[in-house]
Number of protein chains: 2
Amino acid sequence: MELGHVTRLDDVARALGVSTATVSRALSGKAGVSSEVAERVRRTAAEMGYVANVHARTLAGGTTTVIGLVVHEIGDPYFTEIAGGLVEAAEQNDLLVQVCHAGRDPGRELKQVRSLVAHRVRAVVLAGSGHTDPEVDADLRALLDGFTARGGHVVAIGRRHLESDALLPDNTGAGATLARHLLELGHRRIAVLGGPPGLTTVQDRLAGIHSVLDGREDVELHVLETDFTRDGAATAAVEVVERWPRTTAVLALNDAMAIGVLDTLRRRGVRVPEQVSVAGFDDVAVAAQLSPSLTTTRFPLTEMGREALQLVLTPPSGEARRRRVDHQLITRESTAPPPQE
Amino acid sequence: MELGHVTRLDDVARALGVSTATVSRALSGKAGVSSEVAERVRRTAAEMGYVANVHARTLAGGTTTVIGLVVHEIGDPYFTEIAGGLVEAAEQNDLLVQVCHAGRDPGRELKQVRSLVAHRVRAVVLAGSGHTDPEVDADLRALLDGFTARGGHVVAIGRRHLESDALLPDNTGAGATLARHLLELGHRRIAVLGGPPGLTTVQDRLAGIHSVLDGREDVELHVLETDFTRDGAATAAVEVVERWPRTTAVLALNDAMAIGVLDTLRRRGVRVPEQVSVAGFDDVAVAAQLSPSLTTTRFPLTEMGREALQLVLTPPSGEARRRRVDHQLITRESTAPPPQE
DNA sequence: TTGTAAGCGTTATCAA
DNA sequence: TTGATAACGCTTACAA
């Protein structure tokens with residue numbers, strides 16, 4: 001095989017003295033070829049190093065082996081772990097994953113999905129929070145509807161407003177569990193670092209927290225709206241310490257934020273958990289390796305990535321399949337009873 | 001626009017009463033169309049929601065907007081951070097990234113690259129260590145040579161045996177720097193947790209270490225061959241503690257391994273850095289967040305991902321461009337002078 | 001400046 | 001069971 005030349009279907013056909021149709025059929029394992037010929041074709045193709053041109057194949061009506069993944073923040077361990085599970089599972093099924101970074105911007109996200117659709121990917125997997133305002137996702141939904149109508153498959157992870165197959169983390173339950181955990185430890189002056197109110201994940205986690213703490217006369221609850229990032233939380237934590245110095249527990253809406261809080265507290269000489277308890281959500285891999293290690297509610301991120309691929313592999317039925325993902329409280333060193341008064 | 005129907009080039013042409021050639025030229029910004037017509041075409045195309053069929057375009061000779069990334073271990077922060085930088089930079093240049101997981105298996109890697117080549121990706125980026133035995137990569141090189149000959153672009157990150165454009169982390173220098181750091185702190189009984197000897201990264205880092213420590217009568221050096229992972233190092237650390245209990249410093253060949261060492265030591269009640277110092281390589285994001293925070297040599301991983309994309313964007317010249325990536329010693333809490341005898 | 005028409009490498013539809 | 005041959009939707013000479 002000389003450099004710069006790719007073996008085509010026609011080359012294989014010619015070498016064997018059969019038609020391209022026969023070779024095509026033999027290689028894609030379709031009926032209508034004698035097993036004898038099929039075997040010969042396969043051997044020769046392998047010898048000649050033939051690999052089908054993906055674009056020709058797709059254009060002619062074959063199906064793609066690529067699936068698209070859209071994440072809000074590549075770099076955020078939450079998405080990294082999901083992506084890891086998905087890519088690994090994909091590899092085991094001879095599928096390729098195209099990863100897109102949308103940066104939490106609906107416009108950019110739309111552009112990325114459009115690009116995936118133009119690539120005729122077999123499925124689009126959307127990971128991360130949706131928007132509470134349905135208007136924001138309107139264009140996206142129209143796009144996905146068209147994609148679905150033409151045989152595309154959409155799988156969401158945590159975007160409950162989309163009418164696709166979905167993996168739905170129990171964010172509300174996780175919020176309630178953490179609030180209860182703090183309550184049981186004896187905390188009564190609690191600060192919550194929330195994210196942008198437009199995100200369903202934020203909304204749901206807050207709802208869970210409120211469901212447990214609201215209406216209790218003995219609880220003093222402060223909710224701060226901040227960025228959904230480590231740095232946003234680090235800054236907000238300063239505010240908490242200064243405005244409500246008697247706070248005994250800080251609940252951050254995700255682990256990245258909780259790490260930011262730990263950072264601020266350490267810098268200010270506030271001991272965790274002796275003086276202030278801290279907890280997060282998700283249980284990203286680092287959470288266990290921090291010191292103090294972080295109390296959090298676990299969602300099996302890598303597993304969710306794998307499961308998303310399972311959904312991709314099973315053809316969509318009429319009904320959208322919506323699977324709830326349960327959380328699990330992981331109690332570690334960062335939470336403890338509040339200091340004695 | 002009805003569901004299930006995609007606007008094609010021909011639809012746009014017909015709507016305007018011009019030829020497909022004109023539309024094609026106008027949309028790809030080629031010369032030979034009056035700016036007036038071009039403008040009209042662009043507007044109409046946008047209105048009709050036209051997006052070119054990637055496969056048709058590629059088949060007809062256009063270029064792809066996809067680049068392939070092959071990593072050893074998706075899930076390992078080393079690769080995650082590189083991938084993050086690459087994907088983000090790609091997004092800014094309207095490029096898509098296909099991520100492949102090779103699991104440190106040359107056969108799987110070959111298969112993945114073959115698939116990328118079949119997709120006619122614009123470039124293949126290979127991240128991670130190469131093999132010291134040139135035989136192992138022979139098939140890969142043949143494949144890449146063909147790819148290059150047909151106009152494909154190959155960029156390596158840290159695979160110095162490949163004759164492509166490359167970003168080459170100064171692994172040898174980093175090894176020497178860390179060895180010197182330990183020496184200067186006063187350590188004389190040092191254990192090194194190495195990885196599989198077949199990897200160039202392992203070889204280079206070890207070479208750097210040996211270049212500083214070898215031939216010194218006062219230094220007792222033990223090198224253990226283990227897995228290039230956190231768990232491998234955790235197990236090896238047990239052996240170090242048991243076989244050479246007087247060791248005062250453990251040097252792991254990457255941060256993931258160093259974290260494994262910290263884990264083992266904590267579990268055994270060995271205090272870091274009071275009793276034993278620990279250091280790693282790479283400075284993945286967690287390294288700073290651990291406690292004790294980890295002394296390591298920094299390679300700017302995210303930046304390297306971005307830079308790899310820059311190489312992809314600048315067309316290959318005759319000469320392969322090989323850029324050295326410098327390291328930086330980051331001294332944190334995990335290293336200190338050895339305990340007094 | 002514009003249009004016509006010939007590919008690009010497959011798959012799928014008919015005939016044979 | 002096989003083989004011609006027409007799509008698939010685009011780019012790009014070559015003509016006009």
# chains A, B, ... in the order shown; residues from 1 in each chain; ligands from 1

$ residues_around --residues "DC14 in chain C" --least-positions-apart "4" --cutoff "12 Å" --atoms "only C-alpha atoms (C1' of nucleotides)" --output "PyMOL selection string"
chain D and resi 3-6

$ write_last_selection --atoms "all heavy atoms" --output "mmCIF file, in the first residue's frame"
data_model
loop_
_atom_site.group_PDB
_atom_site.id
_atom_site.type_symbol
_atom_site.label_atom_id
_atom_site.label_comp_id
_atom_site.auth_asym_id
_atom_site.auth_seq_id
_atom_site.Cartn_x
_atom_site.Cartn_y
_atom_site.Cartn_z
ATOM 1 P P DG D 3 -20.581 -10.160 -8.944
ATOM 2 O OP1 DG D 3 -19.406 -10.610 -9.730
ATOM 3 O OP2 DG D 3 -20.421 -9.554 -7.628
ATOM 4 O "O5'" DG D 3 -21.460 -9.209 -9.871
ATOM 5 C "C5'" DG D 3 -22.124 -9.777 -10.969
ATOM 6 C "C4'" DG D 3 -22.896 -8.700 -11.698
ATOM 7 O "O4'" DG D 3 -24.131 -8.441 -10.992
ATOM 8 C "C3'" DG D 3 -22.165 -7.360 -11.788
ATOM 9 O "O3'" DG D 3 -22.384 -6.829 -13.087
ATOM 10 C "C2'" DG D 3 -22.841 -6.523 -10.716
ATOM 11 C "C1'" DG D 3 -24.261 -7.047 -10.750
ATOM 12 N N9 DG D 3 -24.997 -6.933 -9.504
ATOM 13 C C8 DG D 3 -24.583 -7.346 -8.260
ATOM 14 N N7 DG D 3 -25.477 -7.132 -7.319
ATOM 15 C C5 DG D 3 -26.531 -6.540 -7.985
ATOM 16 C C6 DG D 3 -27.777 -6.079 -7.490
ATOM 17 O O6 DG D 3 -28.202 -6.121 -6.337
ATOM 18 N N1 DG D 3 -28.566 -5.533 -8.504
ATOM 19 C C2 DG D 3 -28.191 -5.454 -9.820
ATOM 20 N N2 DG D 3 -29.071 -4.891 -10.646
ATOM 21 N N3 DG D 3 -27.034 -5.879 -10.299
ATOM 22 C C4 DG D 3 -26.261 -6.411 -9.328
ATOM 23 P P DA D 4 -21.328 -5.838 -13.696
ATOM 24 O OP1 DA D 4 -20.520 -6.547 -14.691
ATOM 25 O OP2 DA D 4 -20.666 -5.108 -12.593
ATOM 26 O "O5'" DA D 4 -22.291 -4.841 -14.456
ATOM 27 C "C5'" DA D 4 -23.035 -3.997 -13.656
ATOM 28 C "C4'" DA D 4 -24.246 -3.516 -14.435
ATOM 29 O "O4'" DA D 4 -25.362 -3.660 -13.549
ATOM 30 C "C3'" DA D 4 -24.145 -2.027 -14.733
ATOM 31 O "O3'" DA D 4 -25.070 -1.643 -15.716
ATOM 32 C "C2'" DA D 4 -24.476 -1.447 -13.390
ATOM 33 C "C1'" DA D 4 -25.523 -2.434 -12.840
ATOM 34 N N9 DA D 4 -25.335 -2.745 -11.413
ATOM 35 C C8 DA D 4 -24.226 -3.277 -10.803
ATOM 36 N N7 DA D 4 -24.350 -3.436 -9.498
ATOM 37 C C5 DA D 4 -25.634 -2.986 -9.248
ATOM 38 C C6 DA D 4 -26.389 -2.891 -8.070
ATOM 39 N N6 DA D 4 -25.920 -3.274 -6.871
ATOM 40 N N1 DA D 4 -27.634 -2.376 -8.155
ATOM 41 C C2 DA D 4 -28.090 -1.997 -9.358
ATOM 42 N N3 DA D 4 -27.495 -2.049 -10.541
ATOM 43 C C4 DA D 4 -26.257 -2.553 -10.412
ATOM 44 P P DT D 5 -25.042 -0.148 -16.224
ATOM 45 O OP1 DT D 5 -25.878 -0.100 -17.440
ATOM 46 O OP2 DT D 5 -23.623 0.261 -16.253
ATOM 47 O "O5'" DT D 5 -25.786 0.660 -15.068
ATOM 48 C "C5'" DT D 5 -27.125 0.301 -14.730
ATOM 49 C "C4'" DT D 5 -27.650 1.249 -13.671
ATOM 50 O "O4'" DT D 5 -27.336 0.765 -12.339
ATOM 51 C "C3'" DT D 5 -27.057 2.661 -13.737
ATOM 52 O "O3'" DT D 5 -28.083 3.559 -13.380
ATOM 53 C "C2'" DT D 5 -25.986 2.617 -12.665
ATOM 54 C "C1'" DT D 5 -26.746 1.822 -11.612
ATOM 55 N N1 DT D 5 -25.954 1.221 -10.518
ATOM 56 C C2 DT D 5 -26.593 1.034 -9.321
ATOM 57 O O2 DT D 5 -27.742 1.332 -9.123
ATOM 58 N N3 DT D 5 -25.789 0.482 -8.342
ATOM 59 C C4 DT D 5 -24.456 0.104 -8.457
ATOM 60 O O4 DT D 5 -23.871 -0.377 -7.513
ATOM 61 C C5 DT D 5 -23.871 0.336 -9.752
ATOM 62 C C7 DT D 5 -22.443 -0.036 -9.985
ATOM 63 C C6 DT D 5 -24.636 0.887 -10.699
ATOM 64 P P DA D 6 -28.069 5.016 -13.921
ATOM 65 O OP1 DA D 6 -28.607 5.001 -15.292
ATOM 66 O OP2 DA D 6 -26.735 5.595 -13.629
ATOM 67 O "O5'" DA D 6 -29.149 5.692 -12.954
ATOM 68 C "C5'" DA D 6 -30.326 4.958 -12.599
ATOM 69 C "C4'" DA D 6 -30.649 5.185 -11.138
ATOM 70 O "O4'" DA D 6 -29.680 4.513 -10.307
ATOM 71 C "C3'" DA D 6 -30.632 6.649 -10.716
ATOM 72 O "O3'" DA D 6 -31.714 6.859 -9.814
ATOM 73 C "C2'" DA D 6 -29.285 6.809 -10.030
ATOM 74 C "C1'" DA D 6 -29.140 5.441 -9.376
ATOM 75 N N9 DA D 6 -27.767 5.035 -9.093
ATOM 76 C C8 DA D 6 -26.705 5.053 -9.956
ATOM 77 N N7 DA D 6 -25.597 4.601 -9.414
ATOM 78 C C5 DA D 6 -25.953 4.252 -8.126
ATOM 79 C C6 DA D 6 -25.232 3.710 -7.054
ATOM 80 N N6 DA D 6 -23.940 3.404 -7.124
ATOM 81 N N1 DA D 6 -25.896 3.497 -5.900
ATOM 82 C C2 DA D 6 -27.193 3.808 -5.827
ATOM 83 N N3 DA D 6 -27.991 4.315 -6.773
ATOM 84 C C4 DA D 6 -27.294 4.514 -7.911
#

$ interface_residues --of "chain A" --to "chain D" --cutoff "10 Å" --atoms "only C-alpha atoms (C1' of nucleotides)" --output "list of chain:residue names"
A:Val18, A:Ser19, A:Thr20, A:Ala21, A:Thr22, A:Ala31, A:Gly32, A:Val33, A:Ser34, A:Val37, A:Ala56, A:Arg57, A:Thr58, A:Leu59, A:Ala60, A:Gly61

$ write_last_selection --atoms "N, CA, C and O atoms" --output "compact mmCIF listing (two decimals), in the first residue's frame"
# COMPACT_ATOMS: atom_id res chain seq x y z
N VAL A 18 -15.32 -9.01 -8.26
CA VAL A 18 -16.76 -8.97 -7.96
C VAL A 18 -17.23 -7.51 -8.00
O VAL A 18 -16.43 -6.60 -8.23
N SER A 19 -18.50 -7.30 -7.78
CA SER A 19 -19.02 -5.94 -7.84
C SER A 19 -18.90 -5.25 -6.48
O SER A 19 -18.76 -5.91 -5.45
N THR A 20 -18.96 -3.93 -6.50
CA THR A 20 -18.88 -3.18 -5.25
C THR A 20 -20.06 -3.54 -4.34
O THR A 20 -19.92 -3.57 -3.13
N ALA A 21 -21.18 -3.82 -4.97
CA ALA A 21 -22.36 -4.17 -4.17
C ALA A 21 -22.08 -5.40 -3.31
O ALA A 21 -22.39 -5.42 -2.12
N THR A 22 -21.46 -6.36 -3.92
CA THR A 22 -21.16 -7.59 -3.18
C THR A 22 -20.22 -7.32 -2.01
O THR A 22 -20.43 -7.79 -0.91
N ALA A 31 -27.42 -9.91 4.36
CA ALA A 31 -27.79 -11.15 3.67
C ALA A 31 -27.63 -10.97 2.16
O ALA A 31 -27.50 -9.86 1.66
N GLY A 32 -27.62 -12.08 1.44
CA GLY A 32 -27.56 -11.99 -0.01
C GLY A 32 -26.17 -12.19 -0.57
O GLY A 32 -25.90 -11.85 -1.72
N VAL A 33 -25.28 -12.73 0.23
CA VAL A 33 -23.96 -13.09 -0.27
C VAL A 33 -23.67 -14.50 0.23
O VAL A 33 -23.94 -14.81 1.39
N SER A 34 -23.12 -15.32 -0.63
CA SER A 34 -22.77 -16.67 -0.18
C SER A 34 -21.67 -16.52 0.87
O SER A 34 -20.78 -15.68 0.75
N VAL A 37 -18.13 -16.44 -0.50
CA VAL A 37 -17.68 -15.17 -1.07
C VAL A 37 -17.45 -14.14 0.04
O VAL A 37 -16.43 -13.43 0.05
N ALA A 56 -18.73 8.91 2.85
CA ALA A 56 -19.44 8.28 1.73
C ALA A 56 -20.52 7.37 2.28
O ALA A 56 -21.66 7.35 1.80
N ARG A 57 -20.17 6.63 3.27
CA ARG A 57 -21.12 5.68 3.84
C ARG A 57 -22.35 6.40 4.41
O ARG A 57 -23.49 6.03 4.15
N THR A 58 -22.08 7.43 5.17
CA THR A 58 -23.19 8.14 5.80
C THR A 58 -24.06 8.81 4.75
O THR A 58 -25.29 8.80 4.82
N LEU A 59 -23.39 9.41 3.77
CA LEU A 59 -24.14 10.10 2.72
C LEU A 59 -25.05 9.13 1.99
O LEU A 59 -26.18 9.45 1.62
N ALA A 60 -24.56 7.93 1.80
CA ALA A 60 -25.34 6.95 1.05
C ALA A 60 -26.43 6.32 1.90
O ALA A 60 -27.16 5.45 1.43
N GLY A 61 -26.53 6.73 3.11
CA GLY A 61 -27.65 6.22 3.90
C GLY A 61 -27.28 5.32 5.05
O GLY A 61 -28.14 4.86 5.80

$ atom_distance --atom1 "CA of Glu239 in chain A" --atom2 "CA of Gly130 in chain A"
27.9 Å

$ residues_around --residues "range 257-266 of chain B" --least-positions-apart "2" --cutoff "6 Å" --atoms "only C-alpha atoms (C1' of nucleotides)" --output "number ranges by chain"
B: 229-231, 233-234, 237, 252, 254-255, 268-270, 280

$ closest_atom_pairs --of "chain B" --to "chain A" --cutoff "6 Å" --atoms "only C-alpha atoms" --output "tab-separated table"
residue	atom	partner	partner_atom	distance
B:Leu3	CA	A:Gly146	CA	5.0
B:Gly4	CA	A:Arg150	CA	4.8
B:Asn53	CA	A:Ala118	CA	5.5
B:Val54	CA	A:His119	CA	5.5
B:His55	CA	A:His55	CA	4.5
B:Leu59	CA	A:His55	CA	5.9
B:Ile74	CA	A:Gly84	CA	5.5
B:Gly75	CA	A:Gly84	CA	5.3
B:Gly84	CA	A:Gly75	CA	5.3
B:Val97	CA	A:Gln98	CA	5.6
B:Gln98	CA	A:Gln98	CA	4.2
B:Val99	CA	A:Val97	CA	5.9
B:Ala118	CA	A:Asn53	CA	5.5
B:His119	CA	A:Val54	CA	5.5
B:Gly146	CA	A:Leu3	CA	5.0
B:Ala149	CA	A:Gly4	CA	4.8
B:Arg150	CA	A:Gly4	CA	4.8
B:Leu290	CA	A:Leu290	CA	4.9
B:Ser291	CA	A:Ser291	CA	5.0

$ write_last_selection --atoms "C-alpha atoms" --output "mmCIF file, in the first residue's frame"
data_model
loop_
_atom_site.group_PDB
_atom_site.id
_atom_site.type_symbol
_atom_site.label_atom_id
_atom_site.label_comp_id
_atom_site.auth_asym_id
_atom_site.auth_seq_id
_atom_site.Cartn_x
_atom_site.Cartn_y
_atom_site.Cartn_z
ATOM 1 C CA LEU B 3 -40.199 18.411 11.004
ATOM 2 C CA GLY B 4 -38.127 15.649 9.523
ATOM 3 C CA ASN B 53 -24.393 18.241 5.373
ATOM 4 C CA VAL B 54 -20.947 17.559 6.662
ATOM 5 C CA HIS B 55 -20.626 14.233 4.929
ATOM 6 C CA LEU B 59 -16.959 13.681 0.331
ATOM 7 C CA ILE B 74 -9.870 9.481 30.108
ATOM 8 C CA GLY B 75 -10.610 9.893 33.803
ATOM 9 C CA GLY B 84 -10.238 20.585 28.563
ATOM 10 C CA VAL B 97 -13.136 17.331 19.088
ATOM 11 C CA GLN B 98 -13.582 13.582 18.965
ATOM 12 C CA VAL B 99 -12.162 12.038 22.096
ATOM 13 C CA ALA B 118 -11.563 6.982 8.379
ATOM 14 C CA HIS B 119 -13.442 10.034 9.581
ATOM 15 C CA GLY B 146 -0.260 7.619 5.353
ATOM 16 C CA ALA B 149 0.793 12.013 3.197
ATOM 17 C CA ARG B 150 -2.850 12.642 2.404
ATOM 18 C CA LEU B 290 -5.033 18.141 49.025
ATOM 19 C CA SER B 291 -3.923 18.295 52.566
#

$ select_by_dssp --residues "range 140-279 of chain A" --states "strand (DSSP E)" --output "list in words"
His153, Val154, Val155, Ala156, Ile157, Asp165, Ala166, Leu167, Leu168, Pro169, Arg189, Ile190, Ala191, Val192, Leu193, Gly194, Glu220, Leu221, His222, Val223, Leu224, Glu225, Ala249, Val250, Leu251, Ala252, Ser277, Val278 and Ala279 of chain A

$ interface_residues --of "chain C" --to "chain B" --cutoff "9 Å" --atoms "only C-alpha atoms (C1' of nucleotides)" --output "list in words"
DT1, DT2, DG3, DG7, DC8 and DG9 of chain C

$ select_by_dssp --residues "range 137-302 of chain A" --states "alpha helix (DSSP H)" --output "MDAnalysis selection string"
chainID A and resid 138:149 171:185 200:213 230:243 255:267 301:302

$ residues_around --residues "Glu184 in chain A" --least-positions-apart "4" --cutoff "10 Å" --atoms "only C-alpha atoms (C1' of nucleotides)" --output "number ranges by chain"
A: 178-180, 188, 336-337

$ write_last_selection --atoms "N, CA and C atoms" --output "short mmCIF file (atom, residue, chain, number, x, y, z; two decimals), in the first residue's frame"
data_model
loop_
_atom_site.label_atom_id
_atom_site.label_comp_id
_atom_site.auth_asym_id
_atom_site.auth_seq_id
_atom_site.Cartn_x
_atom_site.Cartn_y
_atom_site.Cartn_z
N LEU A 178 -29.30 16.50 52.84
CA LEU A 178 -28.22 17.29 53.45
C LEU A 178 -28.75 18.21 54.53
N ALA A 179 -29.89 18.82 54.26
CA ALA A 179 -30.47 19.72 55.26
C ALA A 179 -30.78 18.93 56.53
N ARG A 180 -31.32 17.75 56.37
CA ARG A 180 -31.66 16.91 57.51
C ARG A 180 -30.39 16.51 58.27
N ARG A 188 -28.27 25.04 63.64
CA ARG A 188 -29.49 25.85 63.56
C ARG A 188 -29.26 27.16 62.80
N ALA A 336 -19.74 18.12 61.39
CA ALA A 336 -19.72 17.64 62.77
C ALA A 336 -20.71 18.50 63.55
N PRO A 337 -21.00 18.15 64.78
CA PRO A 337 -21.90 18.99 65.57
C PRO A 337 -21.33 20.39 65.71
#

$ atom_distance --atom1 "CA of His153 in chain A" --atom2 "CA of Ala138 in chain A"
18.1 Å

$ residues_around --residues "range 317-324 of chain B" --least-positions-apart "3" --cutoff "10 Å" --atoms "only C-alpha atoms (C1' of nucleotides)" --output "compact mmCIF listing (two decimals) with C-alpha atoms, in the first residue's frame"
# COMPACT_ATOMS: atom_id res chain seq x y z
CA VAL B 154 -0.51 14.93 13.49
CA VAL B 155 0.32 16.64 16.76
CA ALA B 156 1.83 14.76 19.66
CA ILE B 157 1.97 15.74 23.28
CA GLY B 158 4.89 14.01 24.86
CA ARG B 160 9.05 12.08 21.33
CA GLU B 163 8.20 12.37 13.90
CA SER B 164 5.30 14.77 14.01
CA ASP B 165 4.75 18.23 15.38
CA ALA B 166 5.05 17.83 19.09
CA LEU B 167 4.84 19.41 22.50
CA LEU B 168 7.53 17.78 24.59
CA PRO B 169 7.34 18.18 28.35
CA ASP B 170 10.77 18.31 29.87
CA GLU B 307 -1.22 25.03 22.38
CA LEU B 311 -0.29 23.69 16.21
CA THR B 314 -1.03 26.47 11.71
CA HIS B 327 8.47 22.53 34.08

$ atom_distance --atom1 "CA of Arg141 in chain B" --atom2 "CA of Arg159 in chain B"
11.6 Å

$ closest_residue --among "B:Val23, B:Val41, B:Ala191, B:Ala279" --to "Arg243 in chain B" --atoms "only C-alpha atoms"
B:Ala191

$ decode --residues "chain C" --atoms "N, CA, C and O atoms (P, O5', C5', C4', C3', O3' and C1' of nucleotides)" --output "short mmCIF file (atom, residue, chain, number, x, y, z; two decimals), in the first residue's frame"
data_model
loop_
_atom_site.label_atom_id
_atom_site.label_comp_id
_atom_site.auth_asym_id
_atom_site.auth_seq_id
_atom_site.Cartn_x
_atom_site.Cartn_y
_atom_site.Cartn_z
P DT C 1 -16.90 39.42 -9.70
"O5'" DT C 1 -18.21 38.90 -10.41
"C5'" DT C 1 -19.37 39.67 -10.48
"C4'" DT C 1 -20.36 38.84 -11.23
"C3'" DT C 1 -21.03 37.75 -10.38
"O3'" DT C 1 -22.43 37.90 -10.50
"C1'" DT C 1 -20.21 36.83 -12.40
P DT C 2 -23.44 37.07 -9.68
"O5'" DT C 2 -23.57 35.74 -10.52
"C5'" DT C 2 -24.58 35.67 -11.50
"C4'" DT C 2 -24.41 34.42 -12.31
"C3'" DT C 2 -24.91 33.14 -11.66
"O3'" DT C 2 -26.22 32.88 -12.12
"C1'" DT C 2 -22.96 32.84 -13.02
P DG C 3 -26.97 31.55 -11.57
"O5'" DG C 3 -26.50 30.48 -12.65
"C5'" DG C 3 -26.70 30.76 -14.02
"C4'" DG C 3 -26.22 29.58 -14.85
"C3'" DG C 3 -26.79 28.22 -14.40
"O3'" DG C 3 -27.20 27.51 -15.56
"C1'" DG C 3 -24.43 28.14 -14.45
P DT C 4 -27.94 26.12 -15.43
"O5'" DT C 4 -26.87 25.09 -15.98
"C5'" DT C 4 -26.08 25.43 -17.12
"C4'" DT C 4 -25.15 24.27 -17.43
"C3'" DT C 4 -25.70 22.88 -17.10
"O3'" DT C 4 -25.30 21.99 -18.13
"C1'" DT C 4 -23.68 23.21 -15.92
P DA C 5 -25.81 20.49 -18.15
"O5'" DA C 5 -24.57 19.76 -17.46
"C5'" DA C 5 -23.25 20.07 -17.92
"C4'" DA C 5 -22.26 19.26 -17.15
"C3'" DA C 5 -22.75 17.86 -16.77
"O3'" DA C 5 -21.59 17.04 -16.74
"C1'" DA C 5 -22.21 19.00 -14.84
P DA C 6 -21.73 15.48 -16.98
"O5'" DA C 6 -20.27 14.98 -16.55
"C5'" DA C 6 -19.15 15.85 -16.75
"C4'" DA C 6 -18.21 15.73 -15.57
"C3'" DA C 6 -18.10 14.30 -15.01
"O3'" DA C 6 -16.74 14.07 -14.63
"C1'" DA C 6 -18.79 15.74 -13.30
P DG C 7 -16.23 12.60 -14.33
"O5'" DG C 7 -17.33 12.15 -13.26
"C5'" DG C 7 -16.91 11.45 -12.10
"C4'" DG C 7 -16.12 12.35 -11.18
"C3'" DG C 7 -15.87 11.71 -9.82
"O3'" DG C 7 -14.55 11.93 -9.39
"C1'" DG C 7 -17.21 13.67 -9.56
P DC C 8 -13.76 10.77 -8.70
"O5'" DC C 8 -14.14 10.95 -7.18
"C5'" DC C 8 -13.53 11.94 -6.36
"C4'" DC C 8 -14.25 11.97 -5.04
"C3'" DC C 8 -14.60 10.58 -4.51
"O3'" DC C 8 -13.58 10.16 -3.62
"C1'" DC C 8 -16.43 12.16 -4.24
P DG C 9 -12.92 8.72 -3.88
"O5'" DG C 9 -13.92 7.78 -3.05
"C5'" DG C 9 -14.02 7.99 -1.66
"C4'" DG C 9 -15.20 7.21 -1.14
"C3'" DG C 9 -15.13 5.71 -1.43
"O3'" DG C 9 -15.56 5.04 -0.26
"C1'" DG C 9 -17.16 6.58 -2.21
P DT C 10 -15.36 3.52 -0.01
"O5'" DT C 10 -16.62 3.18 0.88
"C5'" DT C 10 -17.78 2.68 0.25
"C4'" DT C 10 -18.98 3.37 0.82
"C3'" DT C 10 -20.17 2.44 0.90
"O3'" DT C 10 -20.44 2.12 2.25
"C1'" DT C 10 -20.68 4.45 -0.36
P DT C 11 -21.30 0.82 2.48
"O5'" DT C 11 -22.77 1.28 2.05
"C5'" DT C 11 -23.49 2.17 2.89
"C4'" DT C 11 -24.85 2.44 2.27
"C3'" DT C 11 -25.77 1.22 2.25
"O3'" DT C 11 -27.07 1.68 2.63
"C1'" DT C 11 -25.53 2.06 0.07
P DA C 12 -28.27 0.69 2.82
"O5'" DA C 12 -29.08 0.87 1.46
"C5'" DA C 12 -29.48 2.17 1.05
"C4'" DA C 12 -30.39 2.05 -0.16
"C3'" DA C 12 -31.33 0.86 -0.14
"O3'" DA C 12 -32.52 1.21 -0.85
"C1'" DA C 12 -29.83 0.60 -1.92
P DT C 13 -33.77 0.20 -0.78
"O5'" DT C 13 -34.37 0.30 -2.27
"C5'" DT C 13 -34.06 1.44 -3.07
"C4'" DT C 13 -34.07 1.04 -4.53
"C3'" DT C 13 -35.03 -0.11 -4.87
"O3'" DT C 13 -35.75 0.20 -6.04
"C1'" DT C 13 -32.88 -0.62 -5.64
P DC C 14 -37.28 -0.33 -6.18
"O5'" DC C 14 -37.21 -1.04 -7.60
"C5'" DC C 14 -36.16 -1.93 -7.78
"C4'" DC C 14 -35.60 -1.81 -9.15
"C3'" DC C 14 -36.08 -2.96 -10.03
"O3'" DC C 14 -36.23 -2.56 -11.38
"C1'" DC C 14 -33.76 -3.22 -9.48
P DA C 15 -37.33 -3.32 -12.23
"O5'" DA C 15 -36.40 -4.09 -13.26
"C5'" DA C 15 -35.40 -4.90 -12.72
"C4'" DA C 15 -34.24 -5.03 -13.67
"C3'" DA C 15 -34.35 -6.27 -14.56
"O3'" DA C 15 -33.53 -6.11 -15.69
"C1'" DA C 15 -32.80 -6.65 -12.78
P DA C 16 -33.59 -7.30 -16.81
"O5'" DA C 16 -32.49 -8.33 -16.31
"C5'" DA C 16 -31.11 -7.97 -16.42
"C4'" DA C 16 -30.28 -9.10 -15.87
"C3'" DA C 16 -30.55 -10.47 -16.49
"O3'" DA C 16 -29.32 -11.05 -16.86
"C1'" DA C 16 -30.60 -10.61 -14.15
#
